[in-house]
Amino acid sequence: MTTATLDRPADAPMTAIQPVPEAEAEVKTKDILIIDYSGDLEKVWATMILASTSAAMGVKTRVFVTFWGLQVFVKDQRRITGENWMQKMLSAMQRPGISHRKLSKMNFLGMGPWMMRKLAKQYNVASPKELLEAAQLMGVEFIPCQMTMDMFGLKPEDMIEGMGEPAGAATVIGLMTEDSIPLFI
Amino acid sequence: MTTATLDRPADAPMTAIQPVPEAEAEVKTKDILIIDYSGDLEKVWATMILASTSAAMGVKTRVFVTFWGLQVFVKDQRRITGENWMQKMLSAMQRPGISHRKLSKMNFLGMGPWMMRKLAKQYNVASPKELLEAAQLMGVEFIPCQMTMDMFGLKPEDMIEGMGEPAGAATVIGLMTEDSIPLFI
Amino acid sequence: MTTATLDRPADAPMTAIQPVPEAEAEVKTKDILIIDYSGDLEKVWATMILASTSAAMGVKTRVFVTFWGLQVFVKDQRRITGENWMQKMLSAMQRPGISHRKLSKMNFLGMGPWMMRKLAKQYNVASPKELLEAAQLMGVEFIPCQMTMDMFGLKPEDMIEGMGEPAGAATVIGLMTEDSIPLFI
């Protein structure tokens, strides 16, 4: 697996996202909370790079995935999700899964995302999917938004393995007021 | 009125966004500051859900509304706003008011937002307008950006009732450095 | 140079973004960290207004510029950047430089941004470029993302004068957990 973070020069050894020993981690008192709202390729990348780096540095890291962001955590092989026709149409119009993300602009019938992925590979930057797997291995908690699951008709079996228990806005506000530093991405 | 937050199961009693007794609220020492920059339906929804939940939990909550976000707080019945032709054209091209928001994508001539609103109703999720009213009742302070009001030619009488005094970037920075936790949405 | 912040009425003296004497600044204990992710005109404006106001108030201010945001800091006169054909095409499809930003919507073949700039001038709001220069003069640190520079094939000589040393996600997480208040814009 190719893993890379923003800090590692292209030819450096791949140590950047290894977990930090617990003793060192105890110095940190604050947690990181990413509210992952967007399903766009570039924002998913930002979320995964920040979350995996944060966990690698020994910081307790949570990602609350909501709205378009939740589509990213549907299994790649799922094509149509939802129970009623509106939910099915929403998934039909925008394919779920982390391997099917599009850029927010410059898509040019898929050429933009294709070039991004090719450039990333050339410069040893891990794909969003690889970073997600690394993040999960390092203990990042991905928390799905219950309301989004309801509205889009997503069931636990639609989602990738290892997701946390669904939660809501009160959990987000609770974490924010208890020393989690939030980023709304 | 149907009110709902992310945490409440569809069939639970509607207590989630009731104000918390003051004694309990005093434990919280941090405030929440949302910088509401976007006029897109899904982001307005996120702002309103987080702001109303936060206020219901007894956390002092402020929303600084700026740029496209300010259009949301123009009265729904106002069609054309502004003083000069450019300001009038900007309002003509994008209808102001909280009931006229569009999704950032998947609009499909209005079908996307229509389906979202229908799904929300089906799953007992309050509309942005209902959440805004609940937020105001629970004491959320909505602060309009003075510079945006100037640039778009918006007058106090164009805005909904109950907005705070217009302010600017210095107020935002001041709050951020004095224990308000910011979210830029 | 016309400089303006959100707090200054159109006819007020231009003192809003003057540096605050150091003695006063020492009271502040927290720093501001803006993660500048977007290249859209309105978001660049928000970044520059917040960064320059923050610095003027004596708050240590850093802006981490990444992904589309980094294109903004390429010299205005550079037309094509990058080393391989994909990088060159990306710059060809979206012109870099702070003077060539587009709105995220309502572009209408350039009329939207033109009207915005005209309205801003009329109401004495400084342009993004003027605010950037003021921010740099007041000591705002602009830190380019190393990974983005690699992926887009940007070299130090492509960038405007006065940028900080390239850094990465670990720097961002480090600042966030050490009392910098982050905004992801």
# chains A, B, ... in the order shown; residues from 1 in each chain; ligands from 1
>>> select_by_dssp(residues="stretch 66-167 of chain C", states="strand (DSSP E or B)", output="ChimeraX atom specification")
/C:74,141-145,159,167
>>> interface_residues(of="chain B", to="chain C", cutoff="8 Å", atoms="only C-alpha atoms", output="ChimeraX atom specification")
/B:67,86,90,93,145-147,150-152,167-171,173,176-177,181-184
>>> write_last_selection(atoms="N, CA and C atoms", output="mmCIF file, in the first residue's frame")
data_model
loop_
_atom_site.group_PDB
_atom_site.id
_atom_site.type_symbol
_atom_site.label_atom_id
_atom_site.label_comp_id
_atom_site.auth_asym_id
_atom_site.auth_seq_id
_atom_site.Cartn_x
_atom_site.Cartn_y
_atom_site.Cartn_z
ATOM 1 N N PHE B 67 -22.020 37.045 3.129
ATOM 2 C CA PHE B 67 -22.029 36.751 1.699
ATOM 3 C C PHE B 67 -23.292 36.003 1.257
ATOM 4 N N MET B 86 -26.916 46.753 -10.421
ATOM 5 C CA MET B 86 -26.126 45.535 -10.217
ATOM 6 C C MET B 86 -26.666 44.740 -9.038
ATOM 7 N N LEU B 90 -28.285 40.947 -9.134
ATOM 8 C CA LEU B 90 -27.811 39.828 -8.308
ATOM 9 C C LEU B 90 -28.985 39.147 -7.600
ATOM 10 N N MET B 93 -31.044 37.180 -10.166
ATOM 11 C CA MET B 93 -30.434 35.937 -10.634
ATOM 12 C C MET B 93 -30.530 34.836 -9.588
ATOM 13 N N CYS B 145 -23.629 40.462 8.494
ATOM 14 C CA CYS B 145 -22.350 41.083 8.139
ATOM 15 C C CYS B 145 -22.607 42.437 7.475
ATOM 16 N N GLN B 146 -22.076 43.493 8.093
ATOM 17 C CA GLN B 146 -22.306 44.857 7.600
ATOM 18 C C GLN B 146 -21.814 45.031 6.166
ATOM 19 N N MET B 147 -20.627 44.509 5.864
ATOM 20 C CA MET B 147 -20.056 44.694 4.534
ATOM 21 C C MET B 147 -20.925 44.038 3.461
ATOM 22 N N ASP B 150 -23.916 46.178 2.804
ATOM 23 C CA ASP B 150 -23.537 47.301 1.942
ATOM 24 C C ASP B 150 -23.414 46.855 0.482
ATOM 25 N N MET B 151 -22.632 45.783 0.255
ATOM 26 C CA MET B 151 -22.347 45.369 -1.122
ATOM 27 C C MET B 151 -23.596 44.921 -1.878
ATOM 28 N N PHE B 152 -24.512 44.252 -1.175
ATOM 29 C CA PHE B 152 -25.728 43.783 -1.836
ATOM 30 C C PHE B 152 -26.872 44.803 -1.718
ATOM 31 N N ALA B 167 -22.470 43.507 12.150
ATOM 32 C CA ALA B 167 -21.108 43.576 12.676
ATOM 33 C C ALA B 167 -20.139 43.141 11.580
ATOM 34 N N GLY B 168 -18.863 42.979 11.937
ATOM 35 C CA GLY B 168 -17.867 42.673 10.916
ATOM 36 C C GLY B 168 -16.827 41.678 11.369
ATOM 37 N N ALA B 169 -15.755 41.593 10.573
ATOM 38 C CA ALA B 169 -14.710 40.593 10.799
ATOM 39 C C ALA B 169 -14.071 40.725 12.175
ATOM 40 N N ALA B 170 -13.954 41.960 12.684
ATOM 41 C CA ALA B 170 -13.311 42.152 13.986
ATOM 42 C C ALA B 170 -14.127 41.483 15.092
ATOM 43 N N THR B 171 -15.438 41.519 14.943
ATOM 44 C CA THR B 171 -16.304 40.847 15.917
ATOM 45 C C THR B 171 -16.086 39.336 15.875
ATOM 46 N N ILE B 173 -13.364 37.689 14.807
ATOM 47 C CA ILE B 173 -12.044 37.355 15.360
ATOM 48 C C ILE B 173 -12.058 37.509 16.880
ATOM 49 N N MET B 176 -13.704 34.527 18.382
ATOM 50 C CA MET B 176 -12.866 33.333 18.226
ATOM 51 C C MET B 176 -11.730 33.288 19.258
ATOM 52 N N THR B 177 -11.162 34.445 19.546
ATOM 53 C CA THR B 177 -10.029 34.461 20.485
ATOM 54 C C THR B 177 -10.505 34.537 21.939
ATOM 55 N N ILE B 181 -16.064 28.618 19.944
ATOM 56 C CA ILE B 181 -15.546 27.599 19.035
ATOM 57 C C ILE B 181 -16.196 27.827 17.676
ATOM 58 N N PRO B 182 -15.370 28.076 16.647
ATOM 59 C CA PRO B 182 -15.937 28.446 15.362
ATOM 60 C C PRO B 182 -16.115 27.266 14.404
ATOM 61 N N LEU B 183 -17.177 27.360 13.619
ATOM 62 C CA LEU B 183 -17.382 26.460 12.472
ATOM 63 C C LEU B 183 -17.631 27.341 11.257
ATOM 64 N N PHE B 184 -16.865 27.181 10.208
ATOM 65 C CA PHE B 184 -17.091 27.920 8.966
ATOM 66 C C PHE B 184 -17.860 26.991 8.030
#
>>> residues_around(residues="C:Ile160", least_positions_apart="3", cutoff="7 Å", atoms="only C-alpha atoms", output="JSON, numbers by chain")
{"C": [73, 74, 75, 163]}
>>> write_last_selection(atoms="N, CA, C and O atoms", output="PDB file, in the first residue's frame")
ATOM      1  N   PHE C  73      -2.002  31.816  -5.106  1.00  0.00           N
ATOM      2  CA  PHE C  73      -0.725  32.421  -4.741  1.00  0.00           C
ATOM      3  C   PHE C  73       0.338  32.266  -5.829  1.00  0.00           C
ATOM      4  O   PHE C  73       1.499  32.594  -5.617  1.00  0.00           O
ATOM      5  N   VAL C  74      -0.081  31.770  -6.974  1.00  0.00           N
ATOM      6  CA  VAL C  74       0.797  31.783  -8.135  1.00  0.00           C
ATOM      7  C   VAL C  74       0.823  33.220  -8.670  1.00  0.00           C
ATOM      8  O   VAL C  74      -0.188  33.927  -8.614  1.00  0.00           O
ATOM      9  N   LYS C  75       1.995  33.663  -9.140  1.00  0.00           N
ATOM     10  CA  LYS C  75       2.093  35.028  -9.679  1.00  0.00           C
ATOM     11  C   LYS C  75       1.037  35.246 -10.772  1.00  0.00           C
ATOM     12  O   LYS C  75       0.845  34.378 -11.629  1.00  0.00           O
ATOM     13  N   MET C 163       6.153  34.103   0.591  1.00  0.00           N
ATOM     14  CA  MET C 163       5.487  32.906   1.129  1.00  0.00           C
ATOM     15  C   MET C 163       6.406  32.232   2.156  1.00  0.00           C
ATOM     16  O   MET C 163       7.622  32.326   2.079  1.00  0.00           O
TER      17      MET C 163
END
>>> residues_around(residues="A:Glu165", least_positions_apart="5", cutoff="10 Å", atoms="only C-alpha atoms", output="JSON, numbers by chain")
{"A": [141, 142, 143, 144, 145, 146, 156]}
>>> atom_distance(atom1="atom CA of A:Lys155", atom2="atom CA of A:Phe64")
16.9 Å
>>> residues_around(residues="C:Tyr37", least_positions_apart="5", cutoff="6 Å", atoms="only C-alpha atoms", output="list in words")
Thr66, Phe67, Trp68 and Gly69 of chain C
>>> atom_distance(atom1="atom CA of C:Arg101", atom2="atom CA of C:Asp40")
5.9 Å
>>> residues_around(residues="B:Ser91", least_positions_apart="5", cutoff="9 Å", atoms="only C-alpha atoms", output="number ranges by chain")
B: 71, 79-82, 86, 96, 152
>>> atom_distance(atom1="atom CA of C:Ala126", atom2="atom CA of B:Ile34")
24.3 Å
>>> closest_residue(among="A:Gly39, A:Gly153, A:Gly58, A:Gly139", to="A:Ile98", atoms="only C-alpha atoms")
A:Gly39
>>> select_by_dssp(residues="chain C", states="helix (DSSP H, G or I)", output="compact mmCIF listing (two decimals) with C-alpha atoms, in the first residue's frame")
# COMPACT_ATOMS: atom_id res chain seq x y z
CA GLU C 22 2.57 44.76 20.80
CA ALA C 23 1.77 45.39 24.48
CA GLU C 24 -1.93 45.14 23.71
CA ALA C 25 -1.41 42.11 21.55
CA LEU C 41 -13.31 34.51 -5.47
CA GLU C 42 -15.75 34.76 -2.57
CA LYS C 43 -13.81 32.35 -0.35
CA VAL C 44 -10.48 34.04 -1.16
CA TRP C 45 -12.11 37.30 -0.12
CA ALA C 46 -13.29 35.79 3.17
CA THR C 47 -9.82 34.42 3.88
CA MET C 48 -8.13 37.74 3.18
CA ILE C 49 -10.61 39.84 5.20
CA LEU C 50 -10.41 37.52 8.22
CA ALA C 51 -6.59 37.15 8.02
CA SER C 52 -5.88 40.87 7.68
CA THR C 53 -8.37 41.85 10.40
CA SER C 54 -6.95 39.20 12.72
CA ALA C 55 -3.38 40.42 12.18
CA ALA C 56 -4.50 44.03 12.64
CA TRP C 68 -7.28 24.98 -5.26
CA GLY C 69 -6.29 27.61 -2.67
CA LEU C 70 -2.64 27.37 -3.69
CA GLN C 71 -3.43 28.45 -7.26
CA TRP C 85 1.28 17.69 -19.67
CA MET C 86 -1.36 16.96 -17.03
CA GLN C 87 -0.11 19.69 -14.72
CA LYS C 88 0.06 22.11 -17.66
CA MET C 89 -3.50 21.25 -18.68
CA LEU C 90 -4.80 21.81 -15.17
CA SER C 91 -3.35 25.33 -15.15
CA ALA C 92 -4.63 25.92 -18.66
CA MET C 93 -8.17 24.95 -17.66
CA ILE C 98 -5.27 36.16 -7.28
CA SER C 99 -6.53 38.58 -9.93
CA HIS C 100 -8.17 35.82 -11.96
CA PHE C 108 -22.43 34.26 -16.25
CA LEU C 109 -19.38 34.49 -18.50
CA GLY C 110 -17.56 36.75 -16.07
CA MET C 111 -20.39 39.18 -15.32
CA GLY C 112 -20.86 37.98 -11.72
CA PRO C 113 -17.23 38.54 -10.64
CA TRP C 114 -17.11 41.84 -12.58
CA MET C 115 -20.19 43.13 -10.74
CA MET C 116 -18.81 41.94 -7.38
CA ARG C 117 -15.53 43.77 -7.94
CA LYS C 118 -17.37 46.90 -9.07
CA LEU C 119 -19.69 46.85 -6.04
CA ALA C 120 -16.73 46.26 -3.73
CA LYS C 121 -14.96 49.32 -5.16
CA GLN C 122 -18.09 51.42 -4.82
CA PRO C 128 -8.40 40.32 -2.50
CA LYS C 129 -5.02 41.42 -3.90
CA GLU C 130 -4.92 44.60 -1.79
CA LEU C 131 -5.95 42.64 1.31
CA LEU C 132 -3.24 40.03 0.62
CA GLU C 133 -0.58 42.76 0.45
CA ALA C 134 -1.89 44.34 3.68
CA ALA C 135 -1.97 40.93 5.37
CA GLN C 136 1.64 40.24 4.41
CA LEU C 137 2.73 43.68 5.65
CA GLN C 146 4.11 20.79 -0.07
CA MET C 147 1.95 17.97 -1.46
CA THR C 148 -0.12 20.38 -3.54
CA MET C 149 3.07 21.96 -4.92
CA ASP C 150 4.26 18.48 -5.92
CA MET C 151 0.97 17.39 -7.49
CA PHE C 152 0.48 20.58 -9.48
CA PRO C 156 8.98 28.33 -5.57
CA GLU C 157 9.62 30.75 -8.46
CA ASP C 158 6.00 30.33 -9.61
CA ALA C 169 -0.77 18.09 7.34
CA ALA C 170 1.38 17.36 10.40
CA THR C 171 2.09 21.07 10.75
CA VAL C 172 -1.62 21.85 10.56
CA ILE C 173 -2.54 19.22 13.17
CA GLY C 174 0.36 20.36 15.37
CA LEU C 175 -0.85 23.98 15.33
CA MET C 176 -4.46 22.92 15.96
